[in-house]
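A.B. asks: Input file: data-v4.txt. Contents: compact mmCIF, C-alpha atoms.
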```txt
# COMPACT_ATOMS: atom_id res chain seq x y z
CA MET A 1 -3.43 30.16 5.04
CA LEU A 2 -1.01 27.31 4.38
CA GLU A 3 0.88 27.95 7.61
CA ARG A 4 -2.33 28.02 9.63
CA TRP A 5 -3.59 24.83 7.99
CA LYS A 6 -0.29 23.12 8.79
CA ARG A 7 -0.60 24.01 12.46
CA ASP A 8 -4.32 23.13 12.59
CA LEU A 9 -3.73 19.76 10.95
CA GLU A 10 -0.81 19.04 13.27
CA ALA A 11 -3.02 19.72 16.26
CA HIS A 12 -5.82 17.58 14.81
CA VAL A 13 -3.56 14.59 14.15
CA LEU A 14 -1.78 14.83 17.49
CA ALA A 15 -5.12 15.04 19.30
CA ASN A 16 -6.75 12.13 17.47
CA THR A 17 -4.06 9.52 16.86
CA ASP A 18 -4.45 8.22 20.42
CA GLN A 19 -8.05 7.36 19.54
CA MET A 20 -6.89 4.69 17.07
CA VAL A 21 -5.56 2.23 19.64
CA ARG A 22 -7.44 -0.62 21.29
CA GLU A 23 -6.79 -3.06 24.10
CA PRO A 24 -6.92 -6.87 23.68
CA ALA A 25 -10.42 -8.27 23.21
CA GLY A 26 -11.87 -11.60 22.14
CA ILE A 27 -9.51 -13.42 19.79
CA ILE A 28 -7.22 -10.38 19.61
CA ALA A 29 -4.56 -11.17 22.18
CA HIS A 30 -2.38 -8.04 21.96
CA PRO A 31 -3.01 -4.27 21.99
CA TYR A 32 -3.62 -3.09 18.43
CA ILE A 33 -4.41 -0.30 15.97
CA VAL A 34 -7.72 0.47 14.25
CA PRO A 35 -8.29 2.99 11.43
CA THR A 36 -10.92 5.11 13.19
CA SER A 37 -11.93 6.80 16.43
CA PRO A 38 -14.32 5.04 18.86
CA ASP A 39 -17.30 7.15 17.77
CA SER A 40 -16.95 6.30 14.08
CA PRO A 41 -19.56 4.01 12.49
CA TYR A 42 -16.78 2.22 10.58
CA TYR A 43 -14.36 -0.47 11.78
CA THR A 44 -13.95 0.77 15.34
CA THR A 45 -12.71 -2.65 16.55
CA ALA A 46 -11.13 -4.00 13.34
CA LEU A 47 -7.41 -4.59 12.85
CA TRP A 48 -6.70 -4.23 9.11
CA ASP A 49 -3.58 -5.19 7.18
CA TRP A 50 -2.16 -2.20 5.29
CA ASP A 51 -4.19 0.28 7.36
CA SER A 52 -2.33 -0.69 10.54
CA TRP A 53 1.03 -0.45 8.75
CA LEU A 54 0.38 3.06 7.45
CA THR A 55 -1.13 4.26 10.72
CA SER A 56 2.03 2.98 12.37
CA VAL A 57 4.04 5.29 10.09
CA VAL A 58 1.93 8.19 11.36
CA MET A 59 2.47 7.12 14.95
CA GLY A 60 6.21 7.36 14.53
CA GLN A 61 5.84 10.98 13.43
CA VAL A 62 3.47 11.75 16.30
CA GLU A 63 6.01 10.32 18.75
CA ALA A 64 8.78 12.44 17.22
CA ASP A 65 6.71 15.63 17.10
CA SER A 66 5.38 15.27 20.64
CA ALA A 67 8.64 14.01 22.20
CA ARG A 68 7.02 10.73 23.26
CA PRO A 69 9.37 8.04 21.92
CA GLY A 70 7.86 4.56 22.14
CA HIS A 71 4.43 5.87 23.13
CA PHE A 72 2.59 3.66 20.61
CA PHE A 73 5.05 0.79 20.41
CA GLU A 74 2.97 -1.82 22.27
CA TYR A 75 0.04 -1.19 19.91
CA GLU A 76 2.20 -1.21 16.77
CA GLN A 77 4.04 -4.33 17.88
CA GLY A 78 0.80 -5.91 19.05
CA SER A 79 -0.85 -5.37 15.66
CA ILE A 80 1.94 -7.35 14.02
CA LEU A 81 1.87 -10.08 16.66
CA ASN A 82 -1.89 -10.44 16.33
CA PHE A 83 -1.57 -11.16 12.62
CA LEU A 84 1.34 -13.53 13.16
CA GLY A 85 -0.57 -15.27 15.94
CA HIS A 86 -3.41 -16.01 13.53
CA THR A 87 -1.16 -17.20 10.70
CA ASP A 88 -1.73 -20.89 10.06
CA ALA A 89 0.85 -23.59 9.41
CA ASP A 90 0.53 -23.00 5.65
CA GLY A 91 1.55 -19.35 6.08
CA VAL A 92 -1.94 -17.99 5.39
CA MET A 93 -2.48 -14.70 7.23
CA PRO A 94 -5.86 -12.95 7.57
CA ILE A 95 -6.65 -9.60 5.99
CA GLN A 96 -8.57 -8.34 9.01
CA ILE A 97 -9.15 -9.44 12.60
CA LYS A 98 -12.03 -8.43 14.86
CA PRO A 99 -12.53 -9.58 18.45
CA ASP A 100 -15.22 -12.02 17.24
CA GLY A 101 -13.54 -13.37 14.11
CA MET A 102 -11.23 -12.99 11.12
CA LEU A 103 -11.67 -11.86 7.55
CA LEU A 104 -9.84 -14.46 5.54
CA HIS A 105 -12.59 -14.98 2.96
CA GLY A 106 -12.49 -18.68 3.83
CA ASP A 107 -10.75 -21.02 1.45
CA PRO A 108 -12.31 -24.48 1.61
CA GLY A 109 -10.26 -25.76 -1.30
CA ARG A 110 -6.75 -24.97 -0.14
CA ALA A 111 -5.65 -28.58 -0.55
CA ALA A 112 -6.52 -28.31 -4.23
CA GLY A 113 -4.73 -24.98 -4.66
CA PHE A 114 -4.83 -21.64 -2.87
CA SER A 115 -7.68 -19.51 -4.20
CA GLN A 116 -8.26 -16.43 -2.01
CA ASN A 117 -6.42 -13.24 -1.10
CA MET A 118 -4.72 -12.87 2.25
CA HIS A 119 -2.88 -10.14 4.15
CA LYS A 120 -1.11 -7.73 1.80
CA PRO A 121 2.68 -7.98 1.76
CA VAL A 122 3.37 -5.13 4.16
CA ILE A 123 3.88 -6.82 7.54
CA ALA A 124 7.65 -7.34 7.23
CA GLN A 125 7.89 -3.67 6.23
CA ASN A 126 5.98 -2.73 9.37
CA ALA A 127 8.25 -4.90 11.52
CA ALA A 128 11.38 -3.49 9.87
CA MET A 129 10.19 0.08 10.41
CA LEU A 130 9.51 -0.57 14.10
CA SER A 131 12.88 -2.27 14.49
CA GLN A 132 14.66 0.72 12.98
CA ARG A 133 12.83 3.11 15.28
CA ARG A 134 13.47 0.91 18.30
CA GLY A 135 17.12 0.30 17.39
CA SER A 136 16.74 -3.48 17.61
CA ALA A 137 14.89 -6.32 15.89
CA GLU A 138 15.12 -8.65 18.90
CA TRP A 139 11.41 -8.31 19.63
CA ILE A 140 10.57 -10.07 16.35
CA ARG A 141 13.08 -12.92 16.76
CA PRO A 142 10.57 -15.44 18.21
CA HIS A 143 8.24 -14.79 15.27
CA ILE A 144 10.63 -14.36 12.35
CA ASP A 145 10.04 -17.83 10.94
CA THR A 146 6.26 -17.35 10.96
CA LEU A 147 6.84 -14.22 8.94
CA GLY A 148 8.93 -16.33 6.59
CA LEU A 149 6.08 -18.84 6.23
CA PHE A 150 3.80 -15.99 5.17
CA LEU A 151 6.24 -14.82 2.50
CA ASP A 152 6.86 -18.37 1.32
CA ARG A 153 3.10 -18.69 0.88
CA TYR A 154 3.04 -15.51 -1.21
CA LEU A 155 5.81 -16.72 -3.47
CA GLU A 156 4.30 -20.18 -3.82
CA SER A 157 0.64 -19.25 -4.26
CA HIS A 158 0.53 -15.72 -5.68
CA VAL A 159 3.30 -15.73 -8.30
CA HIS A 160 2.86 -16.51 -11.99
CA PRO A 161 5.66 -18.93 -12.92
CA GLU A 162 6.02 -17.78 -16.53
CA THR A 163 6.62 -14.10 -15.67
CA GLY A 164 7.64 -14.17 -12.00
CA LEU A 165 5.00 -11.53 -11.21
CA ALA A 166 2.65 -11.62 -8.24
CA TYR A 167 -1.09 -11.62 -8.91
CA TRP A 168 -4.28 -11.17 -6.94
CA GLN A 169 -6.28 -14.35 -6.44
CA THR A 170 -9.56 -12.43 -6.84
CA ASP A 171 -10.73 -8.82 -6.80
CA PHE A 172 -11.85 -9.17 -3.16
CA ALA A 173 -10.19 -6.98 -0.48
CA VAL A 174 -7.29 -5.78 -2.63
CA GLY A 175 -7.21 -2.37 -0.93
CA VAL A 176 -7.63 -0.26 -4.05
CA ASP A 177 -11.15 -1.58 -4.34
CA ASN A 178 -12.28 -0.94 -7.90
CA ASP A 179 -9.00 -0.57 -9.77
CA PRO A 180 -10.07 -1.48 -13.34
CA SER A 181 -6.96 -3.64 -13.81
CA VAL A 182 -8.29 -5.98 -11.09
CA TYR A 183 -11.97 -5.24 -10.45
CA PHE A 184 -14.40 -7.59 -12.24
CA ARG A 185 -11.50 -9.31 -13.99
CA ALA A 186 -10.96 -13.05 -13.99
CA ASP A 187 -9.39 -14.63 -10.91
CA ARG A 188 -5.59 -14.78 -10.92
CA SER A 189 -5.44 -12.69 -14.07
CA SER A 190 -3.98 -9.41 -12.82
CA GLY A 191 -0.25 -8.95 -12.32
CA SER A 192 -0.91 -5.76 -10.38
CA ILE A 193 1.83 -3.12 -10.32
CA TYR A 194 0.48 -2.10 -6.91
CA LEU A 195 0.82 -5.62 -5.48
CA ASN A 196 4.23 -6.21 -7.04
CA SER A 197 5.60 -2.91 -5.74
CA LEU A 198 4.47 -3.81 -2.21
CA LEU A 199 5.93 -7.31 -2.49
CA TYR A 200 9.31 -6.00 -3.67
CA ARG A 201 9.63 -3.81 -0.58
CA GLU A 202 8.37 -6.66 1.60
CA LEU A 203 11.07 -9.05 0.42
CA LEU A 204 13.73 -6.42 1.08
CA ALA A 205 12.30 -5.76 4.54
CA TYR A 206 12.40 -9.46 5.44
CA GLY A 207 16.02 -9.58 4.31
CA TYR A 208 16.76 -6.61 6.56
CA LEU A 209 15.17 -8.31 9.58
CA LEU A 210 17.08 -11.54 8.98
CA GLU A 211 20.37 -9.64 8.77
CA GLU A 212 19.58 -7.76 11.97
CA LEU A 213 19.05 -11.15 13.62
CA GLU A 214 22.44 -12.32 12.27
CA ARG A 215 20.99 -14.72 9.71
CA VAL A 216 22.98 -13.16 6.90
CA PRO A 217 23.03 -16.00 4.33
CA GLU A 218 19.22 -16.20 4.49
CA ALA A 219 18.97 -12.42 4.28
CA ASN A 220 20.93 -12.46 1.03
CA VAL A 221 18.61 -15.10 -0.43
CA TRP A 222 15.58 -12.91 0.22
CA ARG A 223 17.29 -9.84 -1.17
CA GLY A 224 18.05 -11.86 -4.27
CA ARG A 225 14.37 -12.72 -4.55
CA ALA A 226 13.53 -9.04 -4.32
CA GLN A 227 15.92 -8.31 -7.19
CA ASP A 228 14.42 -11.14 -9.24
CA LEU A 229 11.00 -9.57 -8.74
CA ALA A 230 12.27 -6.11 -9.69
CA ASP A 231 13.76 -7.58 -12.86
CA ALA A 232 10.44 -9.27 -13.69
CA ILE A 233 8.51 -6.03 -13.10
CA ASN A 234 10.85 -4.06 -15.33
CA GLU A 235 10.66 -6.71 -18.04
CA HIS A 236 6.90 -7.16 -18.08
CA CYS A 237 5.31 -4.03 -16.57
CA TRP A 238 7.42 -1.18 -17.94
CA ASP A 239 6.03 0.30 -21.15
CA GLU A 240 8.75 2.02 -23.11
CA ARG A 241 6.20 3.49 -25.50
CA ASP A 242 4.25 5.34 -22.79
CA GLY A 243 7.08 5.78 -20.30
CA THR A 244 5.29 4.25 -17.34
CA TYR A 245 4.52 1.01 -15.50
CA TYR A 246 1.25 -0.83 -15.95
CA SER A 247 -0.38 -3.89 -14.46
CA VAL A 248 -0.43 -6.86 -16.83
CA ASP A 249 -2.89 -9.52 -17.93
CA LEU A 250 -1.60 -13.01 -17.17
CA THR A 251 -4.47 -15.10 -18.51
CA LEU A 252 -2.98 -16.41 -21.73
CA ARG A 253 -3.70 -19.88 -23.05
CA ALA A 254 -0.92 -22.41 -22.61
CA ILE A 255 1.12 -23.20 -25.71
CA ASP A 256 -0.05 -26.54 -27.08
CA PRO A 257 2.25 -28.13 -29.69
CA GLU A 258 -0.73 -30.14 -30.96
CA ASP A 259 -2.82 -27.01 -31.57
CA TRP A 260 -2.95 -26.90 -35.38
CA LEU A 261 -4.32 -23.35 -35.47
CA HIS A 262 -1.47 -21.72 -33.51
CA ARG A 263 1.52 -24.05 -33.64
CA GLY A 264 2.95 -22.41 -36.73
CA ALA A 265 3.63 -19.20 -34.77
CA PRO A 266 2.99 -19.71 -31.04
CA ARG A 267 3.11 -16.69 -28.81
CA THR A 268 6.52 -15.50 -27.59
CA TRP A 269 5.08 -13.28 -24.86
CA SER A 270 3.93 -14.31 -21.37
CA SER A 271 1.75 -11.32 -20.48
CA VAL A 272 -0.10 -8.40 -22.04
CA LEU A 273 0.06 -4.85 -20.70
CA LEU A 274 -3.16 -3.52 -19.20
CA ARG A 275 -2.78 0.09 -20.31
CA VAL A 276 -5.00 1.52 -17.59
CA ASP A 277 -3.60 4.82 -16.27
CA ASN A 278 -3.88 4.32 -12.52
CA TRP A 279 -2.14 6.17 -9.67
CA SER A 280 -0.45 2.92 -8.66
CA SER A 281 1.68 3.14 -11.81
CA PHE A 282 3.76 5.63 -9.77
CA LEU A 283 4.41 3.14 -6.96
CA PRO A 284 7.69 1.90 -8.50
CA LEU A 285 9.07 5.32 -7.52
CA TRP A 286 8.01 4.73 -3.92
CA ALA A 287 9.38 1.17 -4.07
CA GLY A 288 12.65 2.37 -5.56
CA PHE A 289 13.30 -0.09 -8.40
CA ALA A 290 12.73 2.35 -11.30
CA SER A 291 15.83 3.80 -12.92
CA GLN A 292 16.38 7.56 -12.83
CA GLU A 293 15.66 7.70 -16.56
CA GLN A 294 12.37 5.86 -16.05
CA ALA A 295 11.52 8.19 -13.18
CA GLU A 296 12.12 11.24 -15.38
CA ARG A 297 9.65 9.94 -17.93
CA MET A 298 7.07 9.16 -15.25
CA LEU A 299 7.47 12.69 -13.88
CA GLU A 300 6.21 14.02 -17.22
CA ARG A 301 3.09 11.87 -16.85
CA TYR A 302 2.59 12.97 -13.26
CA ARG A 303 2.63 16.64 -14.29
CA ASP A 304 0.00 16.23 -17.02
CA THR A 305 -3.14 18.10 -15.95
CA ARG A 306 -5.23 16.21 -18.52
CA THR A 307 -4.64 12.96 -16.65
CA PHE A 308 -3.39 12.82 -13.05
CA HIS A 309 -2.30 16.27 -11.92
CA ALA A 310 -5.25 17.97 -10.19
CA ASN A 311 -5.76 21.01 -7.98
CA TYR A 312 -5.63 18.87 -4.85
CA GLY A 313 -3.18 16.15 -5.76
CA VAL A 314 -3.11 12.93 -7.77
CA ARG A 315 -6.27 11.60 -9.37
CA SER A 316 -6.56 7.92 -8.49
CA LEU A 317 -7.42 7.21 -12.14
CA SER A 318 -6.52 9.31 -15.15
CA ARG A 319 -9.29 11.68 -16.18
CA LEU A 320 -8.91 10.35 -19.75
CA GLU A 321 -9.82 6.77 -18.80
CA LYS A 322 -13.26 5.51 -19.82
CA GLN A 323 -13.94 4.37 -16.25
CA TYR A 324 -13.22 7.78 -14.69
CA SER A 325 -15.93 8.57 -12.13
CA LEU A 326 -16.28 10.69 -9.00
CA ARG A 327 -19.45 9.05 -7.68
CA ALA A 328 -19.79 8.29 -3.98
CA SER A 329 -19.60 4.58 -3.21
CA ASN A 330 -18.66 2.39 -0.29
CA ASN A 331 -17.68 -1.30 -0.47
CA PRO A 332 -16.26 -0.83 -2.99
CA SER A 333 -14.88 2.57 -2.19
CA ASN A 334 -14.25 4.66 -5.28
CA TRP A 335 -10.69 4.75 -6.66
CA LEU A 336 -11.79 5.74 -10.18
CA GLY A 337 -10.58 9.33 -9.98
CA PRO A 338 -11.12 10.85 -6.52
CA ILE A 339 -8.19 12.11 -4.47
CA TRP A 340 -7.13 9.83 -1.61
CA GLY A 341 -4.73 10.82 1.15
CA ILE A 342 -2.75 7.60 0.76
CA SER A 343 -2.21 7.95 -2.99
CA ASN A 344 -1.09 11.56 -2.53
CA TYR A 345 1.33 10.46 0.19
CA LEU A 346 2.90 7.50 -1.62
CA VAL A 347 3.35 9.47 -4.85
CA PHE A 348 4.86 12.30 -2.77
CA ARG A 349 7.34 9.83 -1.27
CA GLY A 350 8.29 8.56 -4.71
CA LEU A 351 8.89 12.08 -5.98
CA GLN A 352 10.99 12.82 -2.94
CA LYS A 353 13.08 9.64 -3.29
CA TYR A 354 14.04 10.42 -6.87
CA GLY A 355 15.06 13.98 -6.15
CA PHE A 356 12.03 15.79 -7.58
CA ALA A 357 11.97 18.15 -4.61
CA GLU A 358 9.91 20.92 -6.19
CA ASP A 359 7.18 18.50 -7.26
CA ALA A 360 7.21 16.75 -3.90
CA ARG A 361 6.84 20.05 -2.10
CA ASP A 362 4.03 21.13 -4.39
CA LEU A 363 2.12 17.86 -3.81
CA ALA A 364 2.58 18.18 -0.05
CA GLU A 365 1.20 21.73 -0.15
CA ARG A 366 -1.81 20.64 -2.23
CA THR A 367 -2.55 17.92 0.32
CA VAL A 368 -2.28 20.33 3.24
CA ARG A 369 -4.64 22.72 1.44
CA LEU A 370 -7.14 19.89 0.74
CA PHE A 371 -7.25 18.65 4.33
CA GLY A 372 -6.99 22.13 5.84
CA GLN A 373 -10.05 23.33 3.94
CA ASP A 374 -11.97 20.21 4.97
CA LEU A 375 -11.01 20.72 8.61
CA ASP A 376 -12.15 24.36 8.44
CA ALA A 377 -15.48 23.50 6.84
CA ASN A 378 -16.37 20.24 8.59
CA GLY A 379 -14.16 19.85 11.67
CA SER A 380 -12.82 16.52 10.39
CA LEU A 381 -11.39 14.75 7.34
CA HIS A 382 -13.06 12.49 4.77
CA GLU A 383 -12.17 9.29 2.93
CA TYR A 384 -11.83 10.75 -0.57
CA TYR A 385 -12.33 14.02 -2.45
CA ASN A 386 -13.19 15.75 -5.70
CA PRO A 387 -9.83 16.36 -7.43
CA ASP A 388 -10.80 19.74 -8.88
CA SER A 389 -12.91 21.41 -6.17
CA GLY A 390 -11.52 19.64 -3.09
CA GLU A 391 -15.06 18.93 -1.91
CA PRO A 392 -15.30 15.80 0.24
CA ILE A 393 -17.19 12.94 -1.39
CA MET A 394 -17.51 10.23 1.25
CA THR A 395 -17.12 9.16 4.90
CA LYS A 396 -16.84 12.10 7.28
CA GLY A 397 -14.48 11.44 10.18
CA PHE A 398 -12.10 9.19 8.22
CA GLN A 399 -8.67 9.20 9.89
CA ASN A 400 -6.33 6.30 9.12
CA TRP A 401 -3.71 7.13 6.47
CA ASN A 402 -5.04 10.68 6.02
CA PHE A 403 -2.93 11.46 9.06
CA LEU A 404 0.20 10.89 6.92
CA VAL A 405 -0.23 14.58 6.13
CA LEU A 406 1.80 14.99 9.32
CA GLN A 407 4.81 13.57 7.47
CA MET A 408 4.24 16.04 4.65
CA ILE A 409 4.09 18.92 7.12
CA ALA A 410 7.39 17.82 8.65
CA TYR A 411 8.89 17.77 5.15
CA LEU A 412 7.58 21.25 4.37
CA ASP A 413 8.93 22.56 7.66
CA GLY A 414 12.35 21.03 7.05
CA ARG A 415 12.06 18.76 10.10
CA ALA A 416 12.96 15.09 10.36
CA MET A 417 10.31 13.01 8.63
CA VAL A 418 9.57 9.53 9.97
CA THR A 419 9.02 7.27 6.97
CA GLU A 420 8.00 3.73 6.15
CA TYR A 421 10.82 1.17 5.78
```
Write out the structure in this file as structure tokens.
C.D. replies:
Amino acid sequence: MLERWKRDLEAHVLANTDQMVREPAGIIAHPYIVPTSPDSPYYTTALWDWDSWLTSVVMGQVEADSARPGHFFEYEQGSILNFLGHTDADGVMPIQIKPDGMLLHGDPGRAAGFSQNMHKPVIAQNAAMLSQRRGSAEWIRPHIDTLGLFLDRYLESHVHPETGLAYWQTDFAVGVDNDPSVYFRADRSSGSIYLNSLLYRELLAYGYLLEELERVPEANVWRGRAQDLADAINEHCWDERDGTYYSVDLTLRAIDPEDWLHRGAPRTWSSVLLRVDNWSSFLPLWAGFASQEQAERMLERYRDTRTFHANYGVRSLSRLEKQYSLRASNNPSNWLGPIWGISNYLVFRGLQKYGFAEDARDLAERTVRLFGQDLDANGSLHEYYNPDSGEPIMTKGFQNWNFLVLQMIAYLDGRAMVTEY
């Protein structure tokens, strides 16, 4: 059955990826990528931040598998240019753009201090990936400084000075909607391991682009910033006791030398671990800043069937967490335990990067089985699934990053796998 599901899923992805492109409309000046087909009730005209990046990864594999190099390039490039074109002079970039407006979650008080989330730090990674596939970064040269403004804004407005860790401004539009380490927590309190892993790769990607454009001294500065962030993550987010990374709580009271109650023994720590077992704790393997020894310890946690390891992949939250739930919900979508295609894929990539080939292969096969059974039963894929039975929970017809199963199939077949930067 696995071989048939691989071929059926290949055919499904190859037939449907072309449905996720759109032509310029309204305020969207360039061709672009959406996460769904035209007949979906969800986001058929919306350009989203990390969705477009991950769909672009899929498109590279589709081009390779169908011998159509460059087939999607104008839409992939256009998605990036649309976001850069709507980046303001302060470096603020929207999370989503529709023909009739942007989702920035307006920030009326920016002069008094930035207070809202913006585009996730994945756009330099998208540009670097396209440049590698194209063999040149010249297409981004006119826009490279706008990209730098965006990253400057992240480092200025989303980084906790005491720890050097990035934080979410609020729990709005963070991508992993109801992650307990962010959801319903105080603003600017969560040094998210998910966000910091993305930002680390983003800083490296910007350094790569600058070097490709022969701005080597600047490239080295940004690579140094990436290393500084990796050092901060390893200092504050790694838990030697549990052998994993966690998000951290940053909302500690300032040390006041006049505070009679605490001045005799003021705190010597700048954050507190949020020991919530979330799939994003494995993202340091995808990002590549964990040591091999750390990765070996995390592998033990990945394999634990009491927590993450399920019949159909990686539970998005450990089954032992109090918040574990498989209920159907939308806005927020449920990341409290169900299987998601994107979490399976990114954990798979981390396993692969650190040489855990048997585990990577096993996770790829579980994902193929999950999606193959859904395709057999329903003729389409869904947004997220029951980890134990594989039954779909929500949103029939969901495409987007589910199509990254094509990369897993290439890996299983021993073919070249197109990957993110």
A.B. asks: Measuring atom to atom with only C-alpha atoms, identify which of A:Glu240, A:Ser325, A:Asn311, A:Met20 is nearest to Glu365 of chain A.
C.D. replies: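 Residue with the minimum atom-to-atom distance to Glu365 of chain A: A:Asn311.
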A.B. asks: Per residue of segment 103-174 of chain A within 12 Å of segment 266-272 of chain A, note the shortest atom pair and the distance in Å to one decimal, counting only C-alpha atoms, and order the rows by chain and increasing residue number, as CSV.
C.D. replies:
```
residue,atom,partner,partner_atom,distance
A:His160,CA,A:Ser270,CA,9.7
A:Pro161,CA,A:Ser270,CA,9.8
A:Glu162,CA,A:Ser270,CA,6.3
A:Thr163,CA,A:Ser270,CA,6.3
A:Gly164,CA,A:Ser270,CA,10.1
A:Leu165,CA,A:Ser271,CA,9.8
A:Tyr167,CA,A:Ser271,CA,11.9
```
A.B. asks: Do a neighbour search on Leu336 of chain A at 9 Å with only C-alpha atoms, toss out local chain neighbours closer than 3 positions, and write the hits as an mmCIF file with C-alpha atoms, in the coordinates of the input.
C.D. replies:
```cif
data_model
loop_
_atom_site.group_PDB
_atom_site.id
_atom_site.type_symbol
_atom_site.label_atom_id
_atom_site.label_comp_id
_atom_site.auth_asym_id
_atom_site.auth_seq_id
_atom_site.Cartn_x
_atom_site.Cartn_y
_atom_site.Cartn_z
ATOM 1 C CA ASN A 178 -12.280 -0.940 -7.900
ATOM 2 C CA ASP A 179 -9.000 -0.570 -9.770
ATOM 3 C CA PRO A 180 -10.070 -1.480 -13.340
ATOM 4 C CA ASN A 278 -3.880 4.320 -12.520
ATOM 5 C CA ARG A 315 -6.270 11.600 -9.370
ATOM 6 C CA SER A 316 -6.560 7.920 -8.490
ATOM 7 C CA LEU A 317 -7.420 7.210 -12.140
ATOM 8 C CA SER A 318 -6.520 9.310 -15.150
ATOM 9 C CA ARG A 319 -9.290 11.680 -16.180
ATOM 10 C CA GLU A 321 -9.820 6.770 -18.800
ATOM 11 C CA GLN A 323 -13.940 4.370 -16.250
ATOM 12 C CA TYR A 324 -13.220 7.780 -14.690
ATOM 13 C CA SER A 325 -15.930 8.570 -12.130
ATOM 14 C CA LEU A 326 -16.280 10.690 -9.000
ATOM 15 C CA ARG A 327 -19.450 9.050 -7.680
#
```
A.B. asks: Of the candidates A:Val176, A:Leu252, A:Leu213, A:Ile80, which one gets nearest to Ala137 of chain A if we count all atoms listed in the file?
C.D. replies: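 Of A:Val176, A:Leu252, A:Leu213, A:Ile80, the one nearest Ala137 of chain A is A:Leu213, counting all atoms listed in the file.
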A.B. asks: Nearest residue to Ile33 of chain A out of A:Leu250, A:Leu346, A:Ala166, A:Val21, using only C-alpha atoms?
C.D. replies: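 That would be A:Val21, the residue with the smallest distance to Ile33 of chain A.
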A.B. asks: In the coordinates of the file, take the point (-12.1, 20.0, 7.5) and a cut-off of 12 Å; then, counting only C-alpha atoms, name each qualifying protein, DNA or RNA residue as a list in words.
C.D. replies: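 Residues with an atom close enough to that point: Trp5, Asp8, Leu9, His12, Val368, Arg369, Leu370, Phe371, Gly372, Gln373, Asp374, Leu375, Asp376, Ala377, Asn378, Gly379, Ser380, Leu381, His382, Glu383, Tyr385, Gly390, Glu391, Pro392, Lys396, Gly397, Phe398, Gln399 and Asn402 of chain A.
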A.B. asks: From (13.2, 10.9, -16.6), in the file's coordinates, out to 12 Å: which residues are reached, counting only C-alpha atoms? Answer as a VMD selection string.
C.D. replies: chain A and resid 240 243 to 244 285 290 to 302 351 354 to 356
A.B. asks: I need the residue nearest Ala173 of chain A from this list: A:His236, A:Arg7, A:Lys120, A:Arg306. Use all atoms listed in the file for the distance.
C.D. replies: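 Under the stated criterion, the closest residue is A:Lys120.
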A.B. asks: For the atom pair atom CA of Ala364 of chain A and atom CA of Met408 of chain A, what is the interatomic distance in Å to one decimal place?
C.D. replies: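 Those two atoms sit 5.4 Å apart.
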A.B. asks: For a quick check of understanding, using only C-alpha atoms, which of A:Leu151, A:Leu54, A:Ile144, A:Val182 has the smallest distance to Ser247 of chain A?
C.D. replies: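 Looking at the shortest contact to Ser247 of chain A, the residue is A:Val182.
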A.B. asks: So which residues touch Pro284 of chain A within 10 Å, counting only C-alpha atoms, skipping near sequence neighbours fewer than 4 positions away, as a CSV table (one decimal) with C-alpha atoms, in the coordinates of the input?
C.D. replies:
```
chain,number,residue,atom,x,y,z
A,193,ILE,CA,1.8,-3.1,-10.3
A,194,TYR,CA,0.5,-2.1,-6.9
A,196,ASN,CA,4.2,-6.2,-7.0
A,197,SER,CA,5.6,-2.9,-5.7
A,198,LEU,CA,4.5,-3.8,-2.2
A,200,TYR,CA,9.3,-6.0,-3.7
A,201,ARG,CA,9.6,-3.8,-0.6
A,230,ALA,CA,12.3,-6.1,-9.7
A,233,ILE,CA,8.5,-6.0,-13.1
A,234,ASN,CA,10.8,-4.1,-15.3
A,238,TRP,CA,7.4,-1.2,-17.9
A,244,THR,CA,5.3,4.2,-17.3
A,245,TYR,CA,4.5,1.0,-15.5
A,280,SER,CA,-0.4,2.9,-8.7
A,288,GLY,CA,12.6,2.4,-5.6
A,289,PHE,CA,13.3,-0.1,-8.4
A,290,ALA,CA,12.7,2.4,-11.3
A,291,SER,CA,15.8,3.8,-12.9
A,294,GLN,CA,12.4,5.9,-16.0
A,295,ALA,CA,11.5,8.2,-13.2
A,298,MET,CA,7.1,9.2,-15.2
A,347,VAL,CA,3.4,9.5,-4.8
A,350,GLY,CA,8.3,8.6,-4.7
```
A.B. asks: Using all atoms listed in the file, which protein or nucleic acid residues come within 10 Å of Pro69 of chain A? Drop anything in the same chain fewer than 5 positions from it, and give the result as a compact mmCIF listing (two decimals) with C-alpha atoms, in the frame of the given file.
C.D. replies:
```txt
# COMPACT_ATOMS: atom_id res chain seq x y z
CA MET A 59 2.47 7.12 14.95
CA GLY A 60 6.21 7.36 14.53
CA GLN A 61 5.84 10.98 13.43
CA VAL A 62 3.47 11.75 16.30
CA GLU A 63 6.01 10.32 18.75
CA ALA A 64 8.78 12.44 17.22
CA ARG A 133 12.83 3.11 15.28
CA ARG A 134 13.47 0.91 18.30
```
A.B. asks: Which one of A:Gly224, A:Pro24, A:Pro121, A:Gly175 sits closest to Asn334 of chain A if you count all atoms listed in the file?
C.D. replies: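 For Asn334 of chain A, the nearest of the candidates is A:Gly175.
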A.B. asks: Would you mind reading off the distance between atom CA of Met394 of chain A and atom CA of Ala186 of chain A, one decimal, in Å?
C.D. replies: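 Spanning atom CA of Met394 of chain A to atom CA of Ala186 of chain A is a straight-line distance of 28.6 Å.
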A.B. asks: Taking all listed atoms of segment 255-274 of chain A, build the axis-aligned box, pad each of the six sides by 8 Å, then write its centre and edge lengths in Å to one decimal as AutoDock Vina command-line options.
C.D. replies:
```
--center_x 1.1 --center_y -16.8 --center_z -28.0 --size_x 26.8 --size_y 42.6 --size_z 33.5
```
A.B. asks: Could you tell me how far atom CA of Thr55 of chain A sits from atom CA of Ala15 of chain A, in Å to one decimal place?
C.D. replies: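 Distance reported for this atom pair: 14.3 Å.
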